[in-house]
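Following: one structure in structure tokens, then a few remarks.
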Amino acid sequence: MSSARLSNISSTQNCIKVYVQRDYSQGTLVRFQTHLPDELIDKLELSAFQYTVNQLNNFFEEAESTSCKTYCQGCCACLTAYLMFICVESHYEKVLKKVARFVTEQNEKIYAPRGLLLVNPAERGLRVIEILIINQPVISRA
Amino acid sequence: MSHATKKWEVFPGRNKFCFDGKIIMGPDVTIFYINIFLIVGTTLLFIIFECPYLTVKVSPFIPVITLLLFIFVMSTLLKTSFTDPGIIPRATADEALYTEKQIKITACGDVSADRPPPRTKEIFIRGQSVKLKYCFTCKIFRPPRASHCSLCDNCVDHFDHHCPWVGNCVGRRNYRYFYLFTVALSFYIAFVFICTCIHLYFLSENRVVVEAVKDSPASVIVLLVTFFSCWSVFGLAVFHTYLAASNQTTNEDIKGSFSNKRGGSSRNPYTSGNGCSNCCYVLCGPFSPSLIDREGFITPDLVEKNIINERQPTKMNTSTYVSSNTATVHYPWNGMKSYPVMNQSQKMQSSVIPGQQFNKQIFIEKSSPTSLDDGNLYSKRRPVMYEKVDEQTEQNSKLFQKKNQLEIDISKLDLDLDDIETPSSFVDNKNTLCLEPLSASKLKLLHDTTMIESALDLDSLEESTSSVGANSHAGLIKNKHMI
Ligand SMILES: [Zn+2]
Ligand SMILES: [Zn+2]
């Protein structure tokens, strides 16, 4: 449902888009700022927004953390001369799928009822979280 | 629509794609093919002419080890070349517009309106100040450690260097393969070299060496190839072991981003502090995904919005394009100066950046372009950009005089100070190296023969100077207080 709807909605050219930037204060891990953008203040509760961002941050921390499992996977892959990834999914990819599911779920529960749309950060190169304000066109067309 | 367009077909950089986007490579792969030819050719000679003898005389394991090493070397090499190095996708038109707005908002806050907003953003990474530079091609603030590859025309995360030998950028996603490739290749070369020596030694028993050589001329070829390649490959492997252990990139090492020479305040904020765990992270850390989704399909609205907008600016973002194509540099002593920001190819042809009193010239050491290979590049690359030091010190003192007269707000001096402060650190290098200014034609020649500009990473030269800014800045503030 989400992808079809997403392309539908994003074809409406003139909606405001808000971008949540990366937070580099703890290194180059993927983290996003939990500061609510001004444009969203009257549209979204701070707690809901922070929950989403914190949850995303946790996902990416899980993806990039160096647990025993990731080390094992790295070593195995090295021993098979990296031919392993032809058939096995990497830990990061699994987490990205979780992120996609989470974004869809958040859209259904929180963002869509408020006329907002959360775009999966993976679709924006993990640089920003894009939030579309759908029911408020920049230029109102007659 | 009979043929659905995939995203790689409209990819904005200069990368090459094969097999319907499954494989991504750098724009020029000639040297990569030469590299493969050398490795495969030498291996074939070794297997045909050396192995049968050594299997009988020394050990039956020799062909097995050879084969294993060869497979590992080739797989890491191909993996390095065919993997997306960590290209950061360019901003969509909307995001670029938003960033532009954001820049203006922050600029209005602290600088007078007639001055164009600065194109850097200061952030703190674990308490260490880092300047993010705006990329005019990708329309993003480059993430820390990312740099724009002038050959591929893309910002690459954790940019190490563009290696012509593997025909691709080396960055976040393929650094581990590249590192393993250099290490495995060193072992392989050493192994082949020693085996060939043993072969020749056995052949020349009770004879003159010349006769042994006549018996097996292939050994001489193998010996020569391995002997001449081993130095640069060993050097490379050792250098990258050092980099991996200290969690730096070649790019940062060349620029001396974290050197202690400049006041010691710029430590590396990315290292975990432990060489071993840094190495482990490089080798066994998480596999970050490719962000460019090259096999995804293009939807019509995507084309409409992002790609077309990017190539031919529409009415809506004309202002963005105008302002992003000219950068204004403010020198306090000769007023505002505006010049077009050139793209890489233009930069190559005119190495002198306009400016009347402040002609910046790019110098490069005298060395025969053809002898530049990766290994010795590292040792030579460091002093890449100089400015006329004598003139600079003059300029420096001039600046100080003027500064005292005008009492300019220190915070506005940002850009200018960076430009002046850097050369002083290169003063000691100046005497030891033979320098000559690089003319446009020479640059062109270098470009055609060695792709050296990939190593120089011209786009971020300014960045390198600005990364020093924090220190010099602080120093100046101190100076000012003393005055
Ligand atoms: Zn770029
Ligand atoms: Zn490149």
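To be explicit about the labels: the chains of the structure tokens are called A, B, and onward in the order shown, and within each one the residues are counted from 1, while ligands get numbers from 1 in the order they are shown.
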
Problem - ligand 2 neighbours within 8 Å using only C-alpha atoms and all ligand atoms, as number ranges by chain - result: B: 26-27, 149-154, 156, 161-163, 168-170, 454

Any idea which chain B residues end up within 7 Å of chain A if we count only C-alpha atoms, as a PDB file with N, CA and C atoms, in the first residue's frame please?
```pdb
ATOM      1  N   PHE B  72      41.741 -15.367  -3.652  1.00  0.00           N
ATOM      2  CA  PHE B  72      41.436 -14.320  -2.681  1.00  0.00           C
ATOM      3  C   PHE B  72      41.786 -12.935  -3.231  1.00  0.00           C
ATOM      4  N   SER B  75      39.265 -12.005  -5.925  1.00  0.00           N
ATOM      5  CA  SER B  75      37.911 -11.696  -5.451  1.00  0.00           C
ATOM      6  C   SER B  75      37.888 -10.356  -4.731  1.00  0.00           C
ATOM      7  N   THR B  76      38.930 -10.063  -3.943  1.00  0.00           N
ATOM      8  CA  THR B  76      38.926  -8.761  -3.268  1.00  0.00           C
ATOM      9  C   THR B  76      39.102  -7.629  -4.288  1.00  0.00           C
ATOM     10  N   ILE B  88      27.113   9.076  -2.056  1.00  0.00           N
ATOM     11  CA  ILE B  88      26.001   9.745  -1.392  1.00  0.00           C
ATOM     12  C   ILE B  88      25.101  10.324  -2.470  1.00  0.00           C
ATOM     13  N   PRO B  89      23.847   9.896  -2.502  1.00  0.00           N
ATOM     14  CA  PRO B  89      22.972  10.391  -3.558  1.00  0.00           C
ATOM     15  C   PRO B  89      22.800  11.903  -3.472  1.00  0.00           C
ATOM     16  N   PHE B 124      29.935  19.750  15.810  1.00  0.00           N
ATOM     17  CA  PHE B 124      30.851  19.188  16.790  1.00  0.00           C
ATOM     18  C   PHE B 124      30.690  17.676  16.833  1.00  0.00           C
ATOM     19  N   ILE B 125      31.800  16.998  16.640  1.00  0.00           N
ATOM     20  CA  ILE B 125      31.783  15.549  16.742  1.00  0.00           C
ATOM     21  C   ILE B 125      32.578  15.169  17.977  1.00  0.00           C
ATOM     22  N   ARG B 126      31.907  14.668  18.944  1.00  0.00           N
ATOM     23  CA  ARG B 126      32.530  14.317  20.224  1.00  0.00           C
ATOM     24  C   ARG B 126      33.392  15.470  20.743  1.00  0.00           C
ATOM     25  N   TYR B 270      37.115  10.223  15.381  1.00  0.00           N
ATOM     26  CA  TYR B 270      36.449   8.999  14.942  1.00  0.00           C
ATOM     27  C   TYR B 270      37.068   7.740  15.519  1.00  0.00           C
ATOM     28  N   LEU B 283      37.751  -4.437   9.163  1.00  0.00           N
ATOM     29  CA  LEU B 283      37.683  -5.745   8.521  1.00  0.00           C
ATOM     30  C   LEU B 283      36.355  -6.457   8.745  1.00  0.00           C
ATOM     31  N   CYS B 284      35.818  -6.350   9.943  1.00  0.00           N
ATOM     32  CA  CYS B 284      34.633  -7.147  10.262  1.00  0.00           C
ATOM     33  C   CYS B 284      33.442  -6.303  10.662  1.00  0.00           C
ATOM     34  N   GLY B 285      33.528  -5.022  10.502  1.00  0.00           N
ATOM     35  CA  GLY B 285      32.422  -4.151  10.899  1.00  0.00           C
ATOM     36  C   GLY B 285      31.196  -4.398  10.047  1.00  0.00           C
ATOM     37  N   PRO B 286      30.147  -3.651  10.328  1.00  0.00           N
ATOM     38  CA  PRO B 286      28.909  -3.840   9.572  1.00  0.00           C
ATOM     39  C   PRO B 286      29.079  -3.481   8.093  1.00  0.00           C
ATOM     40  N   PHE B 287      28.290  -4.136   7.268  1.00  0.00           N
ATOM     41  CA  PHE B 287      28.322  -3.863   5.830  1.00  0.00           C
ATOM     42  C   PHE B 287      27.256  -2.830   5.517  1.00  0.00           C
ATOM     43  N   SER B 288      27.690  -1.613   5.294  1.00  0.00           N
ATOM     44  CA  SER B 288      26.678  -0.581   5.065  1.00  0.00           C
ATOM     45  C   SER B 288      26.088  -0.753   3.663  1.00  0.00           C
ATOM     46  N   PRO B 289      24.830  -0.454   3.538  1.00  0.00           N
ATOM     47  CA  PRO B 289      24.138  -0.701   2.272  1.00  0.00           C
ATOM     48  C   PRO B 289      24.439   0.393   1.249  1.00  0.00           C
ATOM     49  N   LEU B 291      23.462   3.259  -1.141  1.00  0.00           N
ATOM     50  CA  LEU B 291      22.381   4.219  -0.951  1.00  0.00           C
ATOM     51  C   LEU B 291      21.786   4.732  -2.254  1.00  0.00           C
ATOM     52  N   ILE B 292      22.354   4.291  -3.387  1.00  0.00           N
ATOM     53  CA  ILE B 292      21.893   4.913  -4.627  1.00  0.00           C
ATOM     54  C   ILE B 292      20.807   4.103  -5.334  1.00  0.00           C
ATOM     55  N   ASP B 301       6.848  10.516 -11.910  1.00  0.00           N
ATOM     56  CA  ASP B 301       6.907  11.749 -11.123  1.00  0.00           C
ATOM     57  C   ASP B 301       8.312  12.019 -10.606  1.00  0.00           C
TER      58      ASP B 301
END
```

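For the pair atom CA of Phe193 of chain B and atom CA of Glu211 of chain B, the separation is 19.6 Å.
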
Exercise for the section: Name the residues, by chain letter and number, that sit within 10 Å of ligand 1 using only C-alpha atoms and all ligand atoms, and give them as a ChimeraX atom specification. Expected result: /B:13,87-91,133-142,146-150,152-157,459-460

Exercise for the section: Assign secondary structure with DSSP using the backbone only, and return the residues of chain A in helix (DSSP H, G or I) as JSON, numbers by chain. Expected result: {"A": [2, 3, 4, 5, 6, 7, 8, 9, 10, 38, 39, 40, 46, 47, 48, 49, 50, 51, 52, 53, 54, 55, 56, 57, 58, 59, 60, 61, 62, 63, 64, 68, 69, 70, 71, 72, 73, 74, 75, 76, 77, 78, 79, 84, 85, 86, 91, 92, 93, 94, 95, 96, 97, 98, 99, 100, 101, 102, 103, 104, 105, 106, 107, 108, 109, 110, 111, 112, 113, 114, 121, 122, 123, 124]}

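Each of B:Val222, B:Gly21, B:Lys79, B:Ser204 was compared to Phe85 of chain A using only C-alpha atoms, and B:Lys79 turns out to be the nearest.
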
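Atom CA of Ala218 of chain B to atom CA of Ala184 of chain B spans 23.3 Å [interatomic distance, one decimal].
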
Handout entry: For atom CA of Arg207 of chain B and atom CA of Glu50 of chain B, the interatomic separation in Å (one decimal)
Key = 18.8 Å

Problem - For Ile47 of chain B, the nearest of the candidates B:Gln102, B:Ser219, B:Ser290, B:Ser129, counting only C-alpha atoms - result: B:Ser219

Handout entry: Filtered DSSP result for chain A, state strand (DSSP E), as a VMD selection string
Key = chain A and resid 15 to 20 116 to 119 129 to 137

Those residues with N, CA and C atoms, as a short mmCIF file (atom, residue, chain, number, x, y, z; two decimals), in the first residue's frame please?
```
data_model
loop_
_atom_site.label_atom_id
_atom_site.label_comp_id
_atom_site.auth_asym_id
_atom_site.auth_seq_id
_atom_site.Cartn_x
_atom_site.Cartn_y
_atom_site.Cartn_z
N CYS A 15 3.70 20.37 -2.13
CA CYS A 15 3.52 20.31 -0.70
C CYS A 15 4.83 20.70 -0.02
N ILE A 16 4.68 21.23 1.17
CA ILE A 16 5.87 21.65 1.91
C ILE A 16 6.63 20.41 2.36
N LYS A 17 7.92 20.49 2.26
CA LYS A 17 8.73 19.37 2.73
C LYS A 17 9.66 19.87 3.82
N VAL A 18 9.70 19.10 4.88
CA VAL A 18 10.55 19.47 6.00
C VAL A 18 11.62 18.40 6.13
N TYR A 19 12.83 18.83 6.43
CA TYR A 19 13.92 17.87 6.52
C TYR A 19 14.54 17.87 7.91
N VAL A 20 14.65 16.71 8.47
CA VAL A 20 15.32 16.56 9.75
C VAL A 20 16.75 16.13 9.46
N LEU A 116 0.43 14.30 7.33
CA LEU A 116 1.87 14.31 7.11
C LEU A 116 2.28 12.99 6.47
N LEU A 117 3.45 12.98 5.92
CA LEU A 117 3.97 11.73 5.39
C LEU A 117 5.47 11.65 5.68
N LEU A 118 5.84 10.55 6.30
CA LEU A 118 7.23 10.33 6.64
C LEU A 118 7.86 9.55 5.49
N VAL A 119 9.01 9.99 5.01
CA VAL A 119 9.69 9.26 3.95
C VAL A 119 10.84 8.47 4.56
N ILE A 129 15.69 12.92 7.21
CA ILE A 129 14.34 12.37 7.26
C ILE A 129 13.45 13.41 6.60
N GLU A 130 12.77 13.01 5.56
CA GLU A 130 11.90 13.95 4.87
C GLU A 130 10.48 13.77 5.38
N ILE A 131 9.86 14.87 5.75
CA ILE A 131 8.46 14.82 6.18
C ILE A 131 7.67 15.75 5.28
N LEU A 132 6.68 15.19 4.61
CA LEU A 132 5.85 15.99 3.71
C LEU A 132 4.62 16.48 4.44
N ILE A 133 4.31 17.74 4.24
CA ILE A 133 3.04 18.28 4.77
C ILE A 133 2.09 18.30 3.59
N ILE A 134 1.16 17.34 3.59
CA ILE A 134 0.42 17.10 2.36
C ILE A 134 -0.72 18.08 2.14
N ASN A 135 -1.51 18.31 3.17
CA ASN A 135 -2.72 19.09 2.93
C ASN A 135 -2.51 20.60 3.03
N GLN A 136 -1.29 21.02 2.77
CA GLN A 136 -1.06 22.46 2.80
C GLN A 136 -0.17 22.84 1.63
N PRO A 137 -0.78 23.09 0.48
CA PRO A 137 0.03 23.40 -0.70
C PRO A 137 0.75 24.74 -0.57
#
```

Problem - segment 103-105 of chain A environment, 8 Å, only C-alpha atoms, sequence neighbours closer than 2 positions dropped, as a ChimeraX atom specification - result: /A:2,99-101,107-109,118-120
